[in-house]
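Colleague: Below are the structure tokens for one structure; questions will follow.
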Amino acid sequence: MPRHRLLRHLQSLFRVEPGRPALWAGIRAAVATALPLCLSFLLTVPAAGWAGLTALLVTLADKGGSYRVRARVMGVVTVLGALVGMLAAPAGQTYTVDATLLFLGVTAANFARCYGETAGSVGGQLAVIFVVSLGAPAASPREALLRGAALLLGGLWAMALSLLLWPLRPYRPARRAVAEVYAGLAAAAEELRGATLEGATPDAWAEGLKRHARIRPDIERARGVLAATRRGRPDESRRGEHLLVLVELAEPMVALLSALAEAMQVVGRDPHLQATRERVARLCEAFAAMDLWVARALRQERNEGMRAPPRLALKPRRRRQPARMAAPSVRHTTEGPLSTHVATLLDRLREYAGVAHETASGLLFGDPVSPRGRGTVGGPQEAPGRSVWQPLRDHLHRDSVVLRHALRTGMVATAALGLTRALQVGDAHWVSLVVISILQPYAGSTEERVLQRTLGTLVGASLAALIATTVHTPPLMIGVISVMTAVSVTLLPLNFGAFQVLLTPDYLLMATLSSGDWTVASQRSLGVLIAGALALLGSWTLWPSPERRRFPDAAATALRADGKYLQQLATHRSGTEPEVNEERRRLDQSLLEAESSFQRLMTEYRGPPQHLEPGMALLTYARRFALAVTALGTGRFEGRTTSVLPQQLAQRASDSLELLARALQERREPPPLPALALPRTSDDPVLGALLERVPRQLGILHGAVARISEDPSLR
């Protein structure tokens with residue numbers, strides 16, 4: 001492994017993510033795990049110790065969200081975990097049966113990823129239960145039944161603890177998800193205010209606009225949580241309707257902030273536009289205060305103690321500036337030249353802030369949704385029905401990343417079982433379990449996980465061996481397991497490596513309690529090294545699919561989405577119409593997927609880091625192009641009958657993006673782009689500058705695609 005890749009993986013191992021420790025989640029996981037273990041000891045029923053395993057795994061399967069979704073995910077892990085654990089218990093008597101079941105079970109569990117990341121996580125939890133049960137064969141059918149019952153009771157206990165023993169507020173997850181969106185909007189507005197007053201550099205503007213784009217995943221998550229919460233609750237539709245209006249309002253407000261940022265980047269430090277900068281800064285300050293008020297109202301859930309919302313953001317413009325006053329001659333007026341484009345953005349931002357205030361207030365006091373709220377956003381878009389078998393059919397082909405990963409994991413786990421038995425390494429199923437936890441769908445992620453898992457497991461196994469040789473009574477052992485569970489889950493949001501180091505002794509010490517063998521924890525280090533080596537070998541040799549082959553296709557999809565978004569804006573009079581919003585949503589998703597692909601490419605790239613610059617430039621300017629187009633579309637003012645984006649210009653620019661996308665997919669140099677004739681926009685310098693960016697950014701994208709085609713390492 002090249003040195004710079006090793007350094008990147010080491011940096012990821014010690015990187016602390018932003019956020020706060022999940023203290024209460026850690027305490028809850030400790031209680032869920034410790035109680036079944038205590039009952040097993042007090043009742044002298046060793047099989048009851050299996051309940052601690054499912055209690056821990058079901059607790060870890062709780063990723064948050066609506067109570068309906070959480071209950072469904074945890075229930076699947078509970079029921080299927082008990083079933084697979086019971087069926088695997090009597091099966092591991094001979095190597096042939098053991099290896100066959102291991103391959104089939106692990107492959108099927110990992111193929112569940114075709115239904116999404118949540119299903120993939122559930123499959124991983126089930127694979128752990130299956131392999132652990134397979135590695136501890138039951139002596140009789142009665143023992144297998146007891147194991148299944150213990151697994152079921154442990155999962156039910158974890159579900160009751162998570163869903164019932166805490167206050168059941170169905171809309172709390174949705175309120176918190178929407179509150180995160182408004183907190184992000186407030187941060188974006190405050191950042192825009194500072195950049196406007198300071199006259200930020202182009203690089204600083206680009207970084208700020210990139211952070212605006214990061215609000216998109218929060219909006220999608222809030223949509224998903226709210227949709228799952230509202231489903232089947234017609235009697236609570238008023239509260240859900242308020243939340244729906246708030247989450248749908250966030251979509252145009254992100255677009256308006258991005259458009260305003262693009263416009264103020266054009267304004268820069270021009271002394272003639274000082275009045276524009278000050279007005280934008282004042283509105284951004286009030287808008288940020290309003291968003292924070294909405295976020296606080298959503299989190300507080302009660303109207304007691306809530307301060308009145310800021311009023312400046314709600315002050316409407318009584319009269320729209322006449323078009324004749326927007327002529328260039330206003331440069332020398334006392335008020336200063338407030339561009340019609342910027343004035344329109346400010347008006348719309350005030351309007352949306354007012355609707356957000358009315359809606360949040362109605363949610364606090366139980367009032368119905370205001371007419372403005374009903375008129376501003378449409379109803380929820382229901383996704384068309386889809387066959388439950390369709391994801392399976394979609395991934396049953398040789399190029400499917402999910403199918404390759406499932407087969408790779410099953411084959412390497414089975415090979416690990418055979419090799420460790422041939423080498424007579426103790427507890428061969430432990431090595432297969434480590435292989436399952438290490439292997440990822442992508443090579444770079446697998447290398448990073450190998451380093452994390454190997455170092456974490458070696459440290460954790462050493463810690464477990466030390467504990468096992470010094471603590472010889474079950475009560476003390478249960479206490480140690482509880483403390484480590486609490487600390488590991490608490491640190492999970494901050495650092496996966498620390499979570500891994502402390503969670504490994506949990507599995508080892510629970511195995512010690514179940515088997516009664518106090519030396520089992522000291523036999524795992526060699527198995528971890530074997531698992532890491534086999535995982536790397538399998539990732540490099542079994543259907544390798546390097547990210548450098550997938551990144552051009554992902555980038556091409558993003559460029560095509562740019563072109564479709566441009567055409568939608570050219571054919572509609574407003575940049576906030578539902579069709580345009582939906583196309584912008586698809587574009588954001590395509591850009592996020594391309595950026596994720598590039599991040600994976602960086603982790604597995606073997607060449608000099610500077611060779612990745614064309615890919616980085618391509619993504620940067622694909623997003624800047626989208627933001628410039630958003631600024632043009634969102635800045636249309638009412639009463640204009642002609643489009644800011646002529647359809648001929650939009651069609652030619654979209655054709656240019658299609659040429660670049662096709663060149664990326666075919667791994668060849670792109671042809672020269674046709675010249676674009678820009679319309680005259682002398683009446684609005686901001687719109688004129690934004691239009692000039694279209695051909696310039698297309699030229700930069702063309703250069704990035706050309707450099708990618710010249711570098712064989714990215715083809």
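Residues in the structure tokens are named by chain (A, B, ... in the order shown) and by number from 1 within that chain; ligands are numbered from 1 in the order shown.
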I'd like the contact shell of Leu403 of chain A - 9 Å cut-off, only C-alpha atoms, skipping same-chain residues fewer than 4 positions apart - returned as a VMD selection string.
Modeller: chain A and resid 107 110 to 111 113 to 114 395 to 399 407 to 408
Colleague: Here is a test: counting only C-alpha atoms, which residue of A:Gly224, A:Pro578, A:Pro475, A:Pro371 is nearest to Ser40 of chain A?
Modeller: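 Residue with the minimum atom-to-atom distance to Ser40 of chain A: A:Pro475.
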Colleague: Go through A:Leu690, A:Ser488, A:Leu257, A:Pro671 one by one, measure the shortest atom-to-atom distance of each to Arg348 of chain A using only C-alpha atoms, and give the residue with the smallest value.
Modeller: A:Leu257
Colleague: Taking 2 positions as the minimum chain separation for residues in the same chain, which residues sit within 9 Å of Ser539 of chain A when counting only C-alpha atoms? Answer as a list of chain:residue names.
Modeller: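 Returned residues: A:His405, A:Arg408, A:Leu439, A:Gln440, A:Pro441, A:Tyr442, A:Ala443, A:Thr446, A:Glu447, A:Leu534, A:Ala535, A:Leu536, A:Leu537, A:Thr541, A:Leu542, A:Trp543, A:Pro544, A:Ser545.
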Colleague: Which residues come within 9 Å of His242 of chain A, counting only C-alpha atoms, excluding same-chain residues fewer than 2 positions away, as number ranges by chain?
Modeller: A: 237-240, 244-247, 359-360, 362-363, 368-369, 373
Colleague: Find, counting only C-alpha atoms, the residue in A:His702, A:Thr33, A:Arg28, A:Glu595 that gets nearest to Val480 of chain A.
Modeller: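 Closest residue, counting only C-alpha atoms: A:Thr33.
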Colleague: What is the distance between atom CA of Ser140 of chain A and atom CA of Thr44 of chain A, in Å to one decimal?
Modeller: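 The value is 18.6 Å.
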